[in-house]
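For reference, the structure is listed below as structure tokens.
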Protein chains: 2
Amino acid sequence: MSPTLVEIAKQAGVSRSTVSRVINNHPNVDQATRARVRLVAESLNYQPNIAARGLAVGRTRILGLAIPMVVSTLFSDPYFPILIQGITSMCNVMDHSVMLWLAEPEYERRMIRQILQGGLIDGVILASALMNDPILEALEKRALPFVLIGRHIVGESVSYVDVDNRHSSQEMVGYLLRLGYERVATITGPKNMGAGVDRFDGYVSALLERRVPFNADLVVEGDFTEEGGYRAMQRLLPFEPDAVFGASDVMAVGAMRAIHDAGLRVPEDIAVAGFDDIPLASRANPPLTTVRQPIHRLGATAAETLIDLIEHPGAQARHVLLSTELIIRSSCGSTLRR
Amino acid sequence: MSPTLVEIAKQAGVSRSTVSRVINNHPNVDQATRARVRLVAESLNYQPNIAARGLAVGRTRILGLAIPMVVSTLFSDPYFPILIQGITSMCNVMDHSVMLWLAEPEYERRMIRQILQGGLIDGVILASALMNDPILEALEKRALPFVLIGRHIVGESVSYVDVDNRHSSQEMVGYLLRLGYERVATITGPKNMGAGVDRFDGYVSALLERRVPFNADLVVEGDFTEEGGYRAMQRLLPFEPDAVFGASDVMAVGAMRAIHDAGLRVPEDIAVAGFDDIPLASRANPPLTTVRQPIHRLGATAAETLIDLIEHPGAQARHVLLSTELIIRSSCGSTLRR
DNA sequence: TGATATTATGGGAGCGTTCCCATAACACGC
DNA sequence: GCGTGTTATGGGAACGCTCCCATAATATCA
């Protein structure tokens with residue numbers, strides 16, 4: 001094991017306290033002493049024991065990251081790896097570490113207890129919380145700082161970081177309408193997920209904005225999977241949409257497959273747009289017009305916000321909305337139709 | 001915060017020690033006392049403080065998971081999410097937790113120190129370590145148990161869990177040869193990754209086995225990306241292969257795109273095979289013949305092995321090879337050619 | 001029934017830190 | 001040259017837990 005404070009102290013001929021002061025950069029340590037202690041600590045490759053420090057000081061500089069398992073299974077795209085990268089990346093900068101929980105339902109209670117009461121964690125990032133997630137309730141009850149990735153029904157009392165789903169979708173659908181499409185359908189996400197409802201809201205807003213009547217036949221709920229997108233599109237086809245907005249790229253790609261299988265062409269017969277801009281989107285045939293999310297930044301911002309929250313207890317809930325970018329490729333045609 | 005042992009003790013009218021014994025299921029506690037303490041602990045929602053316990057007992061039941069950032073960026077497939085799921089899943093069963101490090105080169109030293117000497121972690125799982133990874137050296141020097149996911153040059157002195165890459169590739173390429181293909185090319189993975197070299201070895205073994213002369217023109221190094229597969233295939237085309245074995249599905253899909261772009265058909269003109277069986281493989285056009293990896297089990301086994309190693313210090317290094325499954329679809333044709 | 005095991009319980013010490021208070025050394029101004 | 005302030009340092013106590021030893025109560029056996 002790593003040497004302890006007292007061993008450093010002995011070697012440097014000072015007390016435990018002085019070494020601690022040096023390690024934590026407290027003032028009021030003699031220049032010479034400081035240098036000597038530094039040298040010894042360095043040469044012995046000293047590293048403070050996190051558990052002990054955590055015990056003493058009540059803060060571990062460890063962040064918890066909880067992701068509902070159902071959700072993580074769902075995505076067959078690199079969303080989570082990138083998100084996690086964003087989080088750990090910021091944690092590196094801020095000198096924090098990350099503990100990971102993938103919530104399997106059967107271990108949920110155990111996980112919640114561990115997270116909340118283990119005393120090991122300074123705060124929690126909850127990614128893609130489902131609408132009725134039990135952990136959320138527990139988290140609110142307890143005074144542990146936490147940040148949601150993805151806006152949530154619970155409202156404005158909790159901190160969250162999100163992409164502006166509503167506005168982005170509105171923009172995307174508005175773009176389709178401006179191109180002249182008249183029967184714009186949508187394949188939504190599950191309605192127990194924030195991203196699902198917000199993107200649908202954006203769709204509705206865009207119709208409203210351009211005074212296009214809402215047609216319930218042109219809305220089908222998907223589940224963020226390719227297969228789900230495929231099936232949703234099949235249900236949509238009889239109603240003859242001339243464009244489809246898929247609430248995720250993966251679903252949009254599924255929809256494209258359904259369109260091809262039905263002997264129709266994209267975008268000539270039906271235009272397709274997606275959301276996320278995963279790598280697959282640019283390699284689809286035809287390349288997919290979509291909304292690019294700053295996933296990495298989403299993670300980094302969540303970590304940053306959480307750390308800020310930890311350092312300012314009692315502060316107001318933070319709400320951060322990151323903006324997106326419309327990526328125009330050829331799946332919706334490139335010119336105005338009329 | 002969660003109540004402490006003494007608070008439980010006070011409420012139950014016993015000593016700290018007795019409560020500790022109850023919590024840890026020690027024998028020699030009176031039935032009645034045990035029940036009473038359990039009740040109080042339950043009602044106060046007691047959860048032992050992990051940091052304190054770790055300090056006292058020298059074991060935290062926390063596993064470290066380290067993934068080189070370069071590698072994690074690389075995969076545009078759900079490999080890592082599934083791997084991580086496998087790990088956390090087993091950790092749930094074994095009552096452990098996971099700390100995550102994504103190794104950014106600039107923070108590597110800090111990470112290594114933290115992992116090795118923070119005293120917080122009982123062992124480390126190192127996923128897809130690069131061949132010259134500095135952390136490996138540090139890990140070997142230190143007496144911290146660790147397990148590699150993916151075999152590694154360092155040899156048999158360290159524990160690892162891996163898929164039998166060599167054998168699986170040999171089987172795949174053997175299958176292509178048996179189908180009658182005569183100019184079987186391969187797009188390899190990077191040669192500083194275990195999976196890269198092992199899968200290439202399997203390719204060579206298959207040729208040897210069936211006495212097909214090795215042709216260096218038919219080997220191009222890829223980088224496990226779609227784009228890399230595309231470019232590799234372009235370089236392969238002039239040498240007129242009649243089949244290509246891509247060391248990953250993502251590269252195989254890239255190769256298919258290159259073949260299509262060159263006006264050729266799969267499998268009529270060139271057969272394509274992959275490795276991994278990611279979801280994309282079954283939805284490719286044509287569906288990809290590939291090798292299925294038990295990724296989830298890979299992660300679970302790594303965690304299990306590590307925990308075993310932690311509990312039996314000084315034990316021999318463990319080597320686990322998981323077997324794979326040949327998934328035959330239509331990208332290599334379904335019938336013998338001659 | 002008295003010597004000896006066994007079972008049940010309590011309290012001290014220690015894990016490696018940090019924080020707080022005490023103390024010593026030294027400078028300064030008058 | 002004496003109070004006052006500042007700087008440097010040491011040691012006790014505490015964080016919440018587990019382990020070990022002591023002791024009391026009870027069971028076991030010749």
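The way I read the labels, and the way they are meant: chains A, B, ... in the order of the structure tokens, residue 1 as the first residue of every chain, and ligand 1 as the first ligand shown, with later ones counted on from there.
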Tell me, counting only C-alpha atoms (C1' of nucleotides), for each residue of chain B within 7 Å of chain D, which pair of atoms is nearest and how far apart they are in Å to one decimal, in rows ordered by chain and increasing number, as JSON lines.
```
{"residue": "B:Thr4", "atom": "CA", "partner": "D:DG16", "partner_atom": "C1'", "distance": 6.7}
{"residue": "B:Asn49", "atom": "CA", "partner": "D:DG16", "partner_atom": "C1'", "distance": 6.6}
{"residue": "B:Ala52", "atom": "CA", "partner": "D:DC17", "partner_atom": "C1'", "distance": 5.0}
{"residue": "B:Arg53", "atom": "CA", "partner": "D:DC17", "partner_atom": "C1'", "distance": 4.7}
{"residue": "B:Ala56", "atom": "CA", "partner": "D:DT18", "partner_atom": "C1'", "distance": 5.6}
{"residue": "B:Val57", "atom": "CA", "partner": "D:DT18", "partner_atom": "C1'", "distance": 6.2}
```
Preceding selection exported with N, CA and C atoms as a short mmCIF file (atom, residue, chain, number, x, y, z; two decimals), in the first residue's frame:
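Once everything was written out, this is result.cif:
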```cif
data_model
loop_
_atom_site.label_atom_id
_atom_site.label_comp_id
_atom_site.auth_asym_id
_atom_site.auth_seq_id
_atom_site.Cartn_x
_atom_site.Cartn_y
_atom_site.Cartn_z
N THR B 4 -25.66 6.03 12.25
CA THR B 4 -24.43 5.26 12.43
C THR B 4 -24.69 4.07 13.35
N ASN B 49 -21.48 2.77 6.33
CA ASN B 49 -20.66 3.73 5.60
C ASN B 49 -19.48 3.00 4.95
N ALA B 52 -15.87 4.20 5.79
CA ALA B 52 -15.43 3.81 7.13
C ALA B 52 -15.10 2.32 7.19
N ARG B 53 -15.97 1.55 6.62
CA ARG B 53 -15.74 0.11 6.62
C ARG B 53 -14.47 -0.20 5.85
N ALA B 56 -11.49 0.51 7.93
CA ALA B 56 -11.27 -0.43 9.02
C ALA B 56 -10.81 -1.79 8.53
N VAL B 57 -11.42 -2.24 7.46
CA VAL B 57 -11.25 -3.62 7.09
C VAL B 57 -10.28 -3.80 5.91
#
```
Write out, as a Markdown table, each residue of chain A that has an atom at most 7 Å from chain B, together with the closest pair of atoms and their distance in Å to one decimal, counting only C-alpha atoms, rows going by chain and rising number.
```
| residue | atom | partner | partner_atom | distance |
| --- | --- | --- | --- | --- |
| A:Met1 | CA | B:Gln117 | CA | 6.6 |
| A:Ser2 | CA | B:Gln117 | CA | 5.5 |
| A:Gln47 | CA | B:Gln117 | CA | 5.9 |
| A:Pro48 | CA | B:Gly118 | CA | 6.3 |
| A:Asn49 | CA | B:Gly118 | CA | 4.9 |
| A:Ile50 | CA | B:Gly118 | CA | 5.4 |
| A:Ala51 | CA | B:Ala51 | CA | 4.6 |
| A:Ala52 | CA | B:Leu55 | CA | 6.2 |
| A:Gly54 | CA | B:Ala51 | CA | 6.7 |
| A:Leu55 | CA | B:Ala52 | CA | 6.2 |
| A:Ser76 | CA | B:Pro78 | CA | 5.9 |
| A:Asp77 | CA | B:Pro78 | CA | 6.4 |
| A:Pro78 | CA | B:Ser76 | CA | 5.9 |
| A:Phe80 | CA | B:Pro81 | CA | 7.0 |
| A:Pro81 | CA | B:Pro81 | CA | 6.6 |
| A:Gln85 | CA | B:Leu102 | CA | 6.8 |
| A:Thr88 | CA | B:Leu102 | CA | 6.5 |
| A:Asn92 | CA | B:Tyr107 | CA | 6.8 |
| A:Val98 | CA | B:Leu100 | CA | 5.6 |
| A:Met99 | CA | B:Met99 | CA | 4.2 |
| A:Leu100 | CA | B:Val98 | CA | 5.6 |
| A:Leu102 | CA | B:Thr88 | CA | 6.5 |
| A:Tyr107 | CA | B:Asn92 | CA | 6.8 |
| A:Arg113 | CA | B:Gln47 | CA | 6.9 |
| A:Gln117 | CA | B:Ser2 | CA | 5.4 |
| A:Gly118 | CA | B:Asn49 | CA | 4.8 |
| A:Gly119 | CA | B:Asn49 | CA | 5.4 |
| A:Leu120 | CA | B:Ala51 | CA | 6.0 |
```
With the cut-off set at 10 Å and counting only C-alpha atoms (C1' of nucleotides), tabulate each residue of chain C with an atom at most that distance from an atom of chain B, showing the nearest atom pair and its distance in Å to one decimal, ordered by chain and increasing number, as a tab-separated table.
```
residue	atom	partner	partner_atom	distance
C:DT6	C1'	B:Asn28	CA	9.9
C:DT7	C1'	B:Asn28	CA	6.1
C:DA8	C1'	B:Val29	CA	6.0
C:DT9	C1'	B:Thr18	CA	7.0
C:DG10	C1'	B:Ser15	CA	6.2
C:DG11	C1'	B:Ser17	CA	8.6
C:DG14	C1'	B:Ala56	CA	7.9
C:DC15	C1'	B:Ala56	CA	4.7
C:DG16	C1'	B:Leu55	CA	7.6
```
Using C-alpha atoms (C1' of nucleotides), can you export the residues from the last selection as a PDB file, in the first residue's frame?
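Heads up, here's the output in selection24.pdb:
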```pdb
ATOM      1  C1'  DT C   6     -19.160 -22.194  25.220  1.00  0.00           C
ATOM      2  C1'  DT C   7     -21.996 -18.291  24.162  1.00  0.00           C
ATOM      3  C1'  DA C   8     -23.203 -13.452  24.478  1.00  0.00           C
ATOM      4  C1'  DT C   9     -21.877  -8.899  25.129  1.00  0.00           C
ATOM      5  C1'  DG C  10     -19.169  -4.603  25.921  1.00  0.00           C
ATOM      6  C1'  DG C  11     -15.318  -1.519  25.334  1.00  0.00           C
ATOM      7  C1'  DG C  14      -6.835   1.417  15.343  1.00  0.00           C
ATOM      8  C1'  DC C  15      -7.613   2.233  10.143  1.00  0.00           C
ATOM      9  C1'  DG C  16      -5.610   7.385   7.691  1.00  0.00           C
TER      10       DG C  16
END
```
Those of segment 53-248 of chain B in DSSP helix (DSSP H, G or I), formatted as a PDB file with C-alpha atoms, in the first residue's frame:
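Produced file result-v6.pdb, reproduced below:
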```
ATOM      1  CA  ARG B  53     -15.743   0.112   6.623  1.00  0.00           C
ATOM      2  CA  GLY B  54     -13.127   0.232   3.903  1.00  0.00           C
ATOM      3  CA  LEU B  55     -10.789   2.046   6.241  1.00  0.00           C
ATOM      4  CA  ALA B  56     -11.270  -0.434   9.023  1.00  0.00           C
ATOM      5  CA  VAL B  57     -11.246  -3.623   7.086  1.00  0.00           C
ATOM      6  CA  MET B  69     -10.117   6.582 -24.160  1.00  0.00           C
ATOM      7  CA  VAL B  70      -8.689   6.098 -27.611  1.00  0.00           C
ATOM      8  CA  VAL B  71     -10.264   2.711 -27.739  1.00  0.00           C
ATOM      9  CA  SER B  72     -13.615   3.745 -26.433  1.00  0.00           C
ATOM     10  CA  THR B  73     -13.867   6.515 -28.985  1.00  0.00           C
ATOM     11  CA  LEU B  74     -13.112   4.084 -31.673  1.00  0.00           C
ATOM     12  CA  TYR B  79     -19.568  -3.010 -27.418  1.00  0.00           C
ATOM     13  CA  PHE B  80     -18.741  -0.938 -24.378  1.00  0.00           C
ATOM     14  CA  PRO B  81     -22.247  -0.372 -23.103  1.00  0.00           C
ATOM     15  CA  ILE B  82     -22.864  -4.100 -23.202  1.00  0.00           C
ATOM     16  CA  LEU B  83     -19.510  -4.899 -21.665  1.00  0.00           C
ATOM     17  CA  ILE B  84     -20.138  -2.468 -18.859  1.00  0.00           C
ATOM     18  CA  GLN B  85     -23.561  -3.929 -18.367  1.00  0.00           C
ATOM     19  CA  GLY B  86     -22.044  -7.353 -17.993  1.00  0.00           C
ATOM     20  CA  ILE B  87     -19.631  -6.080 -15.405  1.00  0.00           C
ATOM     21  CA  THR B  88     -22.127  -4.149 -13.324  1.00  0.00           C
ATOM     22  CA  SER B  89     -24.570  -6.966 -13.580  1.00  0.00           C
ATOM     23  CA  MET B  90     -22.153  -9.393 -11.984  1.00  0.00           C
ATOM     24  CA  CYS B  91     -21.171  -6.749  -9.467  1.00  0.00           C
ATOM     25  CA  ASN B  92     -24.783  -6.477  -8.414  1.00  0.00           C
ATOM     26  CA  VAL B  93     -24.940 -10.199  -7.848  1.00  0.00           C
ATOM     27  CA  PRO B 105      -3.756  10.370 -22.040  1.00  0.00           C
ATOM     28  CA  GLU B 106      -3.204  13.717 -20.376  1.00  0.00           C
ATOM     29  CA  TYR B 107      -4.637  12.464 -17.112  1.00  0.00           C
ATOM     30  CA  GLU B 108      -3.151   9.037 -17.254  1.00  0.00           C
ATOM     31  CA  ARG B 109      -0.620   9.519 -14.499  1.00  0.00           C
ATOM     32  CA  ARG B 110      -3.160  10.982 -12.177  1.00  0.00           C
ATOM     33  CA  MET B 111      -5.507   8.118 -12.920  1.00  0.00           C
ATOM     34  CA  ILE B 112      -2.893   5.507 -12.327  1.00  0.00           C
ATOM     35  CA  ARG B 113      -2.005   6.986  -8.977  1.00  0.00           C
ATOM     36  CA  GLN B 114      -5.602   7.220  -7.961  1.00  0.00           C
ATOM     37  CA  ILE B 115      -6.418   3.721  -9.003  1.00  0.00           C
ATOM     38  CA  LEU B 116      -3.382   2.154  -7.523  1.00  0.00           C
ATOM     39  CA  GLN B 117      -2.903   4.044  -4.341  1.00  0.00           C
ATOM     40  CA  PRO B 134       1.685   2.346 -19.149  1.00  0.00           C
ATOM     41  CA  ILE B 135      -0.964   1.427 -16.644  1.00  0.00           C
ATOM     42  CA  LEU B 136      -0.206  -2.207 -17.189  1.00  0.00           C
ATOM     43  CA  GLU B 137       3.335  -1.815 -16.061  1.00  0.00           C
ATOM     44  CA  ALA B 138       2.221   0.076 -12.993  1.00  0.00           C
ATOM     45  CA  LEU B 139      -0.373  -2.535 -12.239  1.00  0.00           C
ATOM     46  CA  GLU B 140       2.137  -5.336 -12.386  1.00  0.00           C
ATOM     47  CA  LYS B 141       4.512  -3.520 -10.102  1.00  0.00           C
ATOM     48  CA  ASN B 165     -10.447 -14.673 -31.295  1.00  0.00           C
ATOM     49  CA  ARG B 166      -7.896 -16.828 -32.980  1.00  0.00           C
ATOM     50  CA  HIS B 167     -10.001 -19.920 -33.149  1.00  0.00           C
ATOM     51  CA  SER B 168     -13.156 -18.056 -34.142  1.00  0.00           C
ATOM     52  CA  SER B 169     -11.424 -16.313 -37.018  1.00  0.00           C
ATOM     53  CA  GLN B 170      -9.905 -19.538 -38.151  1.00  0.00           C
ATOM     54  CA  GLU B 171     -13.360 -21.069 -38.182  1.00  0.00           C
ATOM     55  CA  MET B 172     -14.816 -18.161 -40.100  1.00  0.00           C
ATOM     56  CA  VAL B 173     -12.093 -18.131 -42.732  1.00  0.00           C
ATOM     57  CA  GLY B 174     -12.190 -21.925 -42.915  1.00  0.00           C
ATOM     58  CA  TYR B 175     -15.876 -21.634 -43.659  1.00  0.00           C
ATOM     59  CA  LEU B 176     -15.172 -19.207 -46.499  1.00  0.00           C
ATOM     60  CA  LEU B 177     -12.547 -21.539 -47.943  1.00  0.00           C
ATOM     61  CA  ARG B 178     -14.881 -24.511 -47.730  1.00  0.00           C
ATOM     62  CA  GLY B 194      -4.895  -8.107 -28.956  1.00  0.00           C
ATOM     63  CA  ALA B 195      -8.110  -8.624 -30.892  1.00  0.00           C
ATOM     64  CA  GLY B 196      -6.381  -7.298 -33.988  1.00  0.00           C
ATOM     65  CA  VAL B 197      -3.439  -9.665 -33.952  1.00  0.00           C
ATOM     66  CA  ASP B 198      -5.379 -12.730 -32.765  1.00  0.00           C
ATOM     67  CA  ARG B 199      -7.993 -12.438 -35.477  1.00  0.00           C
ATOM     68  CA  PHE B 200      -5.279 -12.082 -38.049  1.00  0.00           C
ATOM     69  CA  ASP B 201      -3.525 -15.142 -36.658  1.00  0.00           C
ATOM     70  CA  GLY B 202      -6.734 -17.081 -37.072  1.00  0.00           C
ATOM     71  CA  TYR B 203      -6.896 -16.011 -40.689  1.00  0.00           C
ATOM     72  CA  VAL B 204      -3.367 -17.253 -41.288  1.00  0.00           C
ATOM     73  CA  SER B 205      -4.049 -20.529 -39.489  1.00  0.00           C
ATOM     74  CA  ALA B 206      -7.081 -21.197 -41.648  1.00  0.00           C
ATOM     75  CA  LEU B 207      -5.037 -20.713 -44.822  1.00  0.00           C
ATOM     76  CA  LEU B 208      -2.342 -22.989 -43.453  1.00  0.00           C
ATOM     77  CA  GLU B 209      -4.828 -25.600 -42.438  1.00  0.00           C
ATOM     78  CA  ALA B 216       0.315 -10.350 -48.511  1.00  0.00           C
ATOM     79  CA  ASP B 217      -1.597  -8.332 -51.098  1.00  0.00           C
ATOM     80  CA  LEU B 218      -4.809  -9.625 -49.624  1.00  0.00           C
ATOM     81  CA  GLU B 226     -16.370   2.034 -40.818  1.00  0.00           C
ATOM     82  CA  GLU B 227     -14.327   4.555 -42.704  1.00  0.00           C
ATOM     83  CA  GLY B 228     -11.217   2.465 -42.177  1.00  0.00           C
ATOM     84  CA  GLY B 229     -13.001  -0.581 -43.551  1.00  0.00           C
ATOM     85  CA  TYR B 230     -14.114   1.407 -46.561  1.00  0.00           C
ATOM     86  CA  ARG B 231     -10.624   2.614 -47.375  1.00  0.00           C
ATOM     87  CA  ALA B 232      -9.067  -0.779 -46.735  1.00  0.00           C
ATOM     88  CA  MET B 233     -11.501  -2.372 -49.166  1.00  0.00           C
ATOM     89  CA  GLN B 234     -10.637   0.195 -51.801  1.00  0.00           C
ATOM     90  CA  ARG B 235      -7.012  -0.812 -51.485  1.00  0.00           C
ATOM     91  CA  LEU B 236      -7.966  -4.462 -51.698  1.00  0.00           C
ATOM     92  CA  LEU B 237     -10.136  -4.214 -54.829  1.00  0.00           C
ATOM     93  CA  PRO B 238      -7.318  -4.075 -57.400  1.00  0.00           C
ATOM     94  CA  PHE B 239      -6.129  -7.466 -56.199  1.00  0.00           C
TER      95      PHE B 239
END
```
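Contact shell of Leu321 of chain B at 6 Å (only C-alpha atoms (C1' of nucleotides); same-chain neighbours under 4 positions omitted): B:Val161, B:Asp162, B:Val163, B:Asp164.
With atom CA of Ile270 of chain B on one side and atom CA of Lys191 of chain B on the other, the separation reads 25.0 Å.
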With a distance cut-off of 9 Å and only C-alpha atoms (C1' of nucleotides), select the neighbouring residues of Val40 of chain A, excluding the residue or stretch itself and same-chain residues fewer than 6 positions from it, and output the selection as a tab-separated table (two decimals) with C-alpha atoms, in the first residue's frame.
```
chain	number	residue	atom	x	y	z
A	8	ILE	CA	5.99	10.83	5.48
A	9	ALA	CA	6.05	12.83	8.69
A	11	GLN	CA	10.91	10.69	7.27
A	12	ALA	CA	10.62	14.44	6.95
A	46	TYR	CA	2.48	9.25	-1.49
```
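Taking atom CA of Ile307 of chain A as the reference point, atom CA of Leu148 of chain A is found at 13.0 Å.
Between atom CA of Glu221 of chain B and atom CA of Met193 of chain B the interatomic distance comes to 11.8 Å.
With only C-alpha atoms as the atoms that count, the residue of A:Asp269, A:Asp249, A:Glu7, A:Glu311 with the shortest distance to Ile327 of chain A is A:Asp249.
Look at Tyr181 of chain B: the protein and nucleic acid residues within 12 Å of it, using only C-alpha atoms (C1' of nucleotides) and passing over chain neighbours fewer than 5 places away, are Val173, Gly174, Tyr175, Leu176, Leu207, Arg210, Val212, Glu240, Pro241, Asp242, Ala243, Val244, Phe245, Pro267, Glu268, Asp269, Ile270, Ala271, Val272, Cys332, Gly333, Thr335, Leu336, Arg337 and Arg338 of chain B.
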